[in-house]
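Novice: Take a look at start-v3.cif, mmCIF, C-alpha atoms:
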data_work
loop_
_atom_site.label_atom_id
_atom_site.label_comp_id
_atom_site.auth_asym_id
_atom_site.auth_seq_id
_atom_site.Cartn_x
_atom_site.Cartn_y
_atom_site.Cartn_z
CA VAL A 173 -28.98 -0.85 -39.35
CA SER A 174 -26.22 -0.60 -41.94
CA PRO A 175 -24.68 -3.86 -43.12
CA PRO A 176 -21.16 -4.60 -41.87
CA GLY A 177 -18.25 -3.61 -44.06
CA ARG A 178 -16.19 -6.33 -45.68
CA HIS A 179 -12.66 -5.14 -46.31
CA ARG A 180 -9.58 -6.71 -47.78
CA PRO A 181 -6.13 -5.18 -48.25
CA ARG A 182 -4.86 -4.50 -51.74
CA VAL A 183 -1.84 -6.73 -51.95
CA PRO A 184 0.91 -7.66 -54.43
CA GLU A 185 -0.06 -10.52 -56.73
CA ARG A 186 2.98 -12.54 -55.74
CA ARG A 187 1.39 -13.52 -52.44
CA ARG A 188 -1.04 -15.59 -54.48
CA THR A 189 1.56 -17.89 -56.00
CA ARG A 190 2.63 -21.22 -54.62
CA THR A 191 6.15 -21.17 -56.02
CA GLY A 192 8.88 -18.73 -56.87
CA ALA A 193 8.31 -16.37 -53.94
CA PRO A 194 11.40 -14.94 -52.23
CA ARG A 195 12.28 -16.60 -48.94
CA SER A 196 13.77 -14.99 -45.86
CA ARG A 197 13.60 -15.30 -42.10
CA ALA A 198 10.20 -14.39 -40.62
CA PRO A 199 9.89 -11.61 -38.04
CA ALA A 200 8.36 -12.54 -34.71
CA PRO A 201 4.56 -12.63 -34.74
CA PRO A 202 2.97 -9.47 -33.35
CA GLY A 203 1.60 -9.11 -29.87
CA SER A 204 2.25 -10.60 -26.46
CA SER A 205 0.06 -12.33 -23.95
CA GLY A 206 -1.10 -9.09 -22.33
CA MET A 207 -1.82 -10.92 -19.07
CA ALA A 208 -0.90 -9.70 -15.59
CA SER A 209 -0.59 -12.31 -12.85
CA THR A 210 -2.79 -12.39 -9.77
CA ALA A 211 -2.87 -15.01 -7.04
CA GLN A 212 -5.20 -17.40 -8.88
CA LYS A 213 -6.21 -15.81 -12.19
CA GLN A 214 -4.95 -13.51 -14.89
CA SER A 215 -6.29 -10.00 -15.33
CA ILE A 216 -6.87 -9.22 -19.00
CA THR A 217 -7.39 -5.68 -20.26
CA LEU A 218 -8.92 -4.71 -23.60
CA LYS A 219 -5.42 -4.03 -24.96
CA GLY A 220 -4.13 -7.35 -23.62
CA SER A 221 -7.05 -9.23 -25.14
CA VAL A 222 -6.50 -7.50 -28.51
CA GLU A 223 -2.89 -8.71 -28.44
CA ILE A 224 -3.96 -12.28 -27.65
CA VAL A 225 -6.58 -12.33 -30.43
CA THR A 226 -4.30 -10.68 -33.00
CA GLU A 227 -1.48 -13.09 -32.25
CA PHE A 228 -3.88 -16.04 -32.49
CA PHE A 229 -5.03 -14.86 -35.93
CA GLY A 230 -1.43 -14.60 -37.10
CA TYR A 231 -0.62 -18.17 -36.12
CA SER A 232 -3.96 -19.48 -37.41
CA VAL A 233 -3.50 -17.94 -40.86
CA ASN A 234 0.02 -19.36 -41.08
CA SER A 235 -1.25 -22.78 -40.07
CA ILE A 236 -4.05 -22.72 -42.66
CA LEU A 237 -1.68 -21.65 -45.44
CA TYR A 238 0.71 -24.47 -44.54
CA GLN A 239 -1.84 -27.22 -43.98
CA ARG A 240 -3.73 -26.41 -47.19
CA GLY A 241 -0.56 -26.18 -49.29
CA ILE A 242 -1.08 -22.59 -50.44
CA TYR A 243 2.67 -21.99 -50.07
CA PRO A 244 5.35 -24.70 -50.40
CA PRO A 245 6.23 -26.50 -47.14
CA GLU A 246 9.90 -25.58 -47.41
CA SER A 247 8.95 -21.89 -47.01
CA PHE A 248 7.84 -22.49 -43.39
CA LYS A 249 9.84 -22.92 -40.20
CA LYS A 250 8.99 -24.56 -36.88
CA VAL A 251 8.38 -22.45 -33.77
CA ASN A 252 7.02 -23.30 -30.34
CA LYS A 253 3.80 -21.57 -29.29
CA TYR A 254 0.81 -22.49 -27.12
CA GLY A 255 2.70 -25.61 -26.05
CA LEU A 256 2.61 -26.81 -29.67
CA THR A 257 5.01 -26.98 -32.59
CA MET A 258 3.72 -24.36 -35.03
CA LEU A 259 4.76 -23.51 -38.57
CA THR A 260 5.25 -19.92 -39.71
CA THR A 261 6.20 -18.58 -43.09
CA THR A 262 9.70 -17.42 -43.98
CA ASP A 263 8.45 -15.69 -47.15
CA GLN A 264 9.28 -12.00 -46.62
CA GLY A 265 6.55 -10.74 -48.95
CA LEU A 266 3.93 -12.81 -47.16
CA ASN A 267 5.25 -11.73 -43.76
CA ASP A 268 5.05 -8.06 -44.73
CA TYR A 269 1.50 -8.55 -45.97
CA LEU A 270 0.37 -10.37 -42.80
CA ALA A 271 2.05 -7.78 -40.58
CA GLU A 272 0.13 -5.01 -42.35
CA VAL A 273 -3.17 -6.87 -42.02
CA LEU A 274 -2.65 -7.74 -38.36
CA GLN A 275 -1.67 -4.17 -37.48
CA GLN A 276 -4.90 -2.84 -38.97
CA LEU A 277 -6.90 -5.67 -37.42
CA SER A 278 -5.46 -4.78 -34.02
CA GLU A 279 -6.54 -1.15 -34.40
CA TRP A 280 -10.08 -2.18 -35.36
CA LEU A 281 -10.19 -4.63 -32.43
CA MET A 282 -9.19 -1.83 -30.04
CA ALA A 283 -12.08 0.20 -31.44
CA LYS A 284 -14.40 -2.82 -30.82
CA SER A 285 -15.34 -2.73 -34.51
CA VAL A 286 -14.37 -6.22 -35.73
CA GLN A 287 -17.10 -8.77 -36.32
CA LYS A 288 -15.31 -11.48 -38.28
CA LEU A 289 -12.06 -12.47 -39.99
CA VAL A 290 -12.30 -14.81 -42.99
CA VAL A 291 -9.52 -16.65 -44.80
CA VAL A 292 -10.72 -17.34 -48.35
CA ILE A 293 -9.04 -20.02 -50.46
CA ALA A 294 -9.84 -19.96 -54.17
CA GLY A 295 -8.59 -21.72 -57.27
CA GLN A 296 -6.13 -19.61 -59.23
CA GLU A 297 -7.40 -20.71 -62.62
CA SER A 298 -11.09 -21.23 -61.88
CA GLY A 299 -11.41 -18.29 -59.49
CA LYS A 300 -13.89 -20.45 -57.57
CA THR A 301 -14.01 -20.14 -53.78
CA LEU A 302 -13.11 -23.56 -52.37
CA GLU A 303 -12.86 -22.85 -48.62
CA ARG A 304 -13.85 -20.10 -46.17
CA TRP A 305 -12.22 -20.22 -42.75
CA ALA A 306 -14.34 -17.92 -40.57
CA PHE A 307 -13.44 -16.55 -37.14
CA ASP A 308 -16.42 -14.74 -35.60
CA VAL A 309 -15.43 -12.14 -33.00
CA HIS A 310 -17.73 -11.21 -30.12
CA THR A 311 -16.57 -8.26 -28.02
CA ASP A 312 -17.68 -7.27 -24.52
CA GLY A 313 -18.82 -3.78 -25.45
CA SER A 314 -19.37 -2.81 -21.84
CA LEU A 315 -15.70 -3.14 -20.89
CA ALA A 316 -14.06 0.27 -20.55
CA GLU A 317 -10.42 0.74 -21.49
CA GLY A 318 -8.18 0.14 -18.48
CA THR A 319 -10.59 -2.20 -16.70
CA THR A 320 -9.92 -5.94 -16.60
CA GLN A 321 -11.53 -9.33 -16.85
CA ALA A 322 -10.27 -12.36 -14.91
CA ARG A 323 -9.42 -15.49 -16.88
CA PRO A 324 -6.74 -18.10 -16.13
CA GLU A 325 -4.03 -18.03 -18.78
CA LYS A 326 -3.93 -21.83 -18.81
CA GLU A 327 -7.59 -21.99 -19.84
CA VAL A 328 -7.15 -19.49 -22.69
CA THR A 329 -4.09 -21.37 -23.97
CA SER A 330 -5.90 -24.72 -23.75
CA GLU A 331 -8.82 -23.41 -25.82
CA ILE A 332 -6.47 -21.95 -28.45
CA GLN A 333 -4.57 -25.26 -28.58
CA ALA A 334 -7.81 -27.06 -29.42
CA ILE A 335 -8.50 -24.77 -32.40
CA ILE A 336 -4.95 -25.05 -33.74
CA ARG A 337 -5.11 -28.84 -33.46
CA GLN A 338 -8.34 -28.84 -35.45
CA ILE A 339 -6.73 -26.72 -38.17
CA THR A 340 -3.83 -29.19 -38.26
CA ALA A 341 -6.27 -32.11 -38.53
CA SER A 342 -8.23 -30.43 -41.34
CA VAL A 343 -6.42 -32.44 -44.01
CA THR A 344 -8.29 -35.52 -42.74
CA PHE A 345 -11.76 -34.18 -43.52
CA LEU A 346 -11.41 -31.43 -46.15
CA PRO A 347 -11.45 -32.28 -49.88
CA LEU A 348 -8.12 -32.28 -51.67
CA LEU A 349 -7.25 -28.96 -53.32
CA ASP A 350 -6.48 -30.26 -56.81
CA GLU A 351 -5.46 -26.96 -58.42
CA PRO A 352 -3.02 -24.18 -57.45
CA CYS A 353 -4.79 -21.88 -55.02
CA ALA A 354 -4.68 -18.28 -53.87
CA PHE A 355 -5.94 -16.78 -50.64
CA ASP A 356 -7.60 -13.57 -49.49
CA LEU A 357 -8.23 -12.16 -46.04
CA LEU A 358 -11.57 -10.45 -45.37
CA VAL A 359 -12.29 -8.45 -42.24
CA TYR A 360 -15.92 -7.74 -41.39
CA THR A 361 -16.25 -4.49 -39.45
CA ASP A 362 -18.88 -2.04 -38.29
CA SER A 363 -20.01 0.15 -41.19
CA ASP A 364 -18.68 3.39 -39.70
CA VAL A 365 -14.99 2.47 -39.33
CA HIS A 366 -12.23 4.35 -41.10
CA VAL A 367 -10.84 2.19 -43.92
CA PRO A 368 -7.27 2.97 -45.09
CA GLN A 369 -6.60 3.48 -48.80
CA ALA A 370 -4.59 0.24 -48.87
CA TRP A 371 -7.84 -1.65 -48.27
CA GLU A 372 -10.85 -2.14 -50.50
CA GLU A 373 -14.45 -3.29 -50.17
CA SER A 374 -14.98 -6.93 -51.06
CA ASP A 375 -17.80 -9.30 -51.84
CA PRO A 376 -18.18 -12.07 -49.22
CA LYS A 377 -16.88 -14.79 -51.57
CA TYR A 378 -19.50 -17.29 -50.43
CA ILE A 379 -19.59 -20.90 -51.62
CA ALA A 380 -22.88 -21.73 -53.34
CA LYS A 381 -22.92 -25.48 -52.62
CA SER A 382 -21.08 -25.96 -49.36
CA GLU A 383 -20.69 -27.95 -46.20
CA GLU A 384 -19.61 -26.49 -42.85
CA VAL A 385 -17.57 -27.86 -39.96
CA LYS A 386 -17.80 -26.01 -36.66
CA LEU A 387 -14.50 -25.74 -34.84
CA ARG A 388 -13.78 -24.86 -31.22
CA SER A 389 -13.89 -21.41 -29.70
CA PHE A 390 -11.84 -19.49 -27.14
CA THR A 391 -12.55 -16.54 -24.89
CA THR A 392 -10.52 -14.03 -22.94
CA LYS A 393 -13.76 -12.76 -21.35
CA VAL A 394 -13.13 -9.56 -23.35
CA HIS A 395 -13.28 -11.27 -26.77
CA LYS A 396 -14.80 -14.58 -27.77
CA VAL A 397 -13.71 -16.14 -31.07
CA ASP A 398 -15.82 -18.85 -32.74
CA ALA A 399 -14.15 -20.76 -35.57
CA SER A 400 -15.56 -22.73 -38.50
CA VAL A 401 -14.62 -23.82 -42.00
CA THR A 402 -16.96 -24.00 -44.99
CA TYR A 403 -15.87 -25.89 -48.07
CA LEU A 404 -17.13 -26.66 -51.55
CA ALA A 405 -19.24 -29.81 -51.42
CA GLU A 406 -18.18 -32.56 -53.76
CA ASP A 407 -20.68 -33.65 -56.38
CA ASP A 408 -22.42 -36.92 -55.63
#
Please rewrite the model in this file as structure tokens.

Specialist:
Amino acid sequence: VSPPGRHRPRVPERRRTRTGAPRSRAPAPPGSSGMASTAQKQSITLKGSVEIVTEFFGYSVNSILYQRGIYPPESFKKVNKYGLTMLTTTDQGLNDYLAEVLQQLSEWLMAKSVQKLVVVIAGQESGKTLERWAFDVHTDGSLAEGTTQARPEKEVTSEIQAIIRQITASVTFLPLLDEPCAFDLLVYTDSDVHVPQAWEESDPKYIAKSEEVKLRSFTTKVHKVDASVTYLAEDD
């Protein structure tokens, strides 16, 4: 069995800086709920589930970048989503980058080829990986396009809320990032997927001496997403 591919988009260096980036109004996050009402439950198709998962990733990445101070707080705006007050970037360069990543992620999700999305936070000067936010994706491979799975929308939203709240609370248990940091996005895929030229193979950027905190998970019955964060352990 071939090992999974680890891909990251080639991106402008400016996304890595904490200051001096241009600011402008953010476009709406991609995707919609993709849920069709029934008497008691919601019927979720593969396409609808891909939209839910892609949208979740967009908000999660924004939340991580804000909570961990990768971009200045004044470059974020408040929006309401999942019954919560969320923060999304107003940095046009960052928005363009995330839109490109999420579009490609959506295509790979439709092909049932995504295994994991990882947000890597590393020190700009040291180059050392300080945190890895991992979102493992499990896909119901037996579901044919056009068929549906039943899952109440309220339950899906409640599970996503729990993950977002844990990301927000991360400042209470993660070590302080005491140097300017950059981030990368890695997408683990099946080895046979088509990879656009704008993307490149990447090493996994593991942390040698680390501790891990398991976060909550959510499922649409088509996709299940398990979340965790691994961080550089402080010396005793």

Novice: Give as a list in words the residues that the PyMOL selection byres ((chain A and resi 239-248) around 7) matches when applied to the coordinates above.

Specialist: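 So the PyMOL selection byres ((chain A and resi 239-248) around 7), applied here, picks out Arg190, Thr191, Arg195, Ser235, Ile236, Leu237, Tyr238, Lys249, Lys250, Leu259, Thr260, Thr261, Thr262, Asp263, Thr340, Val343, Cys353 and Ala354 of chain A.
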
Novice: Select, from A:Ser232, A:Gln369, A:Gln264, A:Thr391, the residue with the minimum atom-to-atom distance to Pro324 of chain A, counting only C-alpha atoms.

Specialist: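 Closest candidate: A:Thr391.
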
Novice: Just say which residues the PyMOL selection byres ((chain A and resi 213-218) around 12) picks in this file, as an MDAnalysis selection string.

Specialist: chainID A and resid 204:212 219:225 278:279 281:284 311:328 391:395

Novice: May I ask which of the residues A:Thr344, A:Ser330, A:Ser400, A:Ser374 is the closest one to Tyr254 of chain A, counting only C-alpha atoms?

Specialist: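 Distance minimum relative to Tyr254 of chain A lands on A:Ser330.
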
Novice: Select, from A:Met258, A:Leu349, A:Val273, A:Ala370, the residue with the minimum atom-to-atom distance to Gln296 of chain A, counting all atoms listed in the file.

Specialist: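 So, comparing all the options, the nearest one is A:Leu349.
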
Novice: For the file shown, report as a ChimeraX atom specification the outcome of the PyMOL selection byres ((chain A and resi 357) around 6) at residue level.

Specialist: /A:180,290-291,356,358

Novice: Please produce an output containing C-alpha atoms for each residue in the selection, written as a PDB file, in the frame of the given file.

Specialist:
ATOM      1  CA  ARG A 180      -9.580  -6.710 -47.780  1.00  0.00           C
ATOM      2  CA  VAL A 290     -12.300 -14.810 -42.990  1.00  0.00           C
ATOM      3  CA  VAL A 291      -9.520 -16.650 -44.800  1.00  0.00           C
ATOM      4  CA  ASP A 356      -7.600 -13.570 -49.490  1.00  0.00           C
ATOM      5  CA  LEU A 358     -11.570 -10.450 -45.370  1.00  0.00           C
TER       6      LEU A 358
END

Novice: Tell me, in Å to one decimal, how far atom CA of Val401 of chain A is from atom CA of Asp364 of chain A.

Specialist: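 Separating atom CA of Val401 of chain A from atom CA of Asp364 of chain A is a distance of 27.6 Å.
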
Novice: Using all atoms listed in the file for the distances, tell me which of A:Glu303, A:Val309, A:Val233, A:Glu331 is nearest to Lys396 of chain A.

Specialist: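 For Lys396 of chain A, the nearest of the given residues is A:Val309.
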
Novice: Suppose you want the space between atom CA of Ile379 of chain A and atom CA of Leu270 of chain A; what is it in Å?

Specialist: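 Result for atom CA of Ile379 of chain A versus atom CA of Leu270 of chain A: 24.2 Å, one decimal.
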
Novice: So the first atom is atom CA of Lys381 of chain A and the second is atom CA of Gln287 of chain A; what is the distance between them in Å, to one decimal place?

Specialist: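 Result for atom CA of Lys381 of chain A versus atom CA of Gln287 of chain A: 24.1 Å, one decimal.
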
Novice: Edge lengths and centre in Å to one decimal, as lines of an AutoDock Vina configuration file, is what I'm after for the box along x, y and z that holds all listed atoms of segment 346-353 of chain A once 8 Å is added on each side.

Specialist:
center_x = -7.2
center_y = -27.1
center_z = -52.3
size_x = 24.4
size_y = 26.4
size_z = 28.3

Novice: Identify which of the residues A:Lys377, A:Arg388, A:His366, A:Lys288 lies closest to Arg304 of chain A, counting all atoms listed in the file when measuring atom-to-atom distances.

Specialist: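 Among A:Lys377, A:Arg388, A:His366, A:Lys288, it is A:Lys377 that comes nearest to Arg304 of chain A.
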
Novice: Select, from A:Thr329, A:Ala399, A:Glu372, A:Lys300, the residue with the minimum atom-to-atom distance to Glu227 of chain A, counting only C-alpha atoms.

Specialist: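 So, comparing all the options, the nearest one is A:Thr329.
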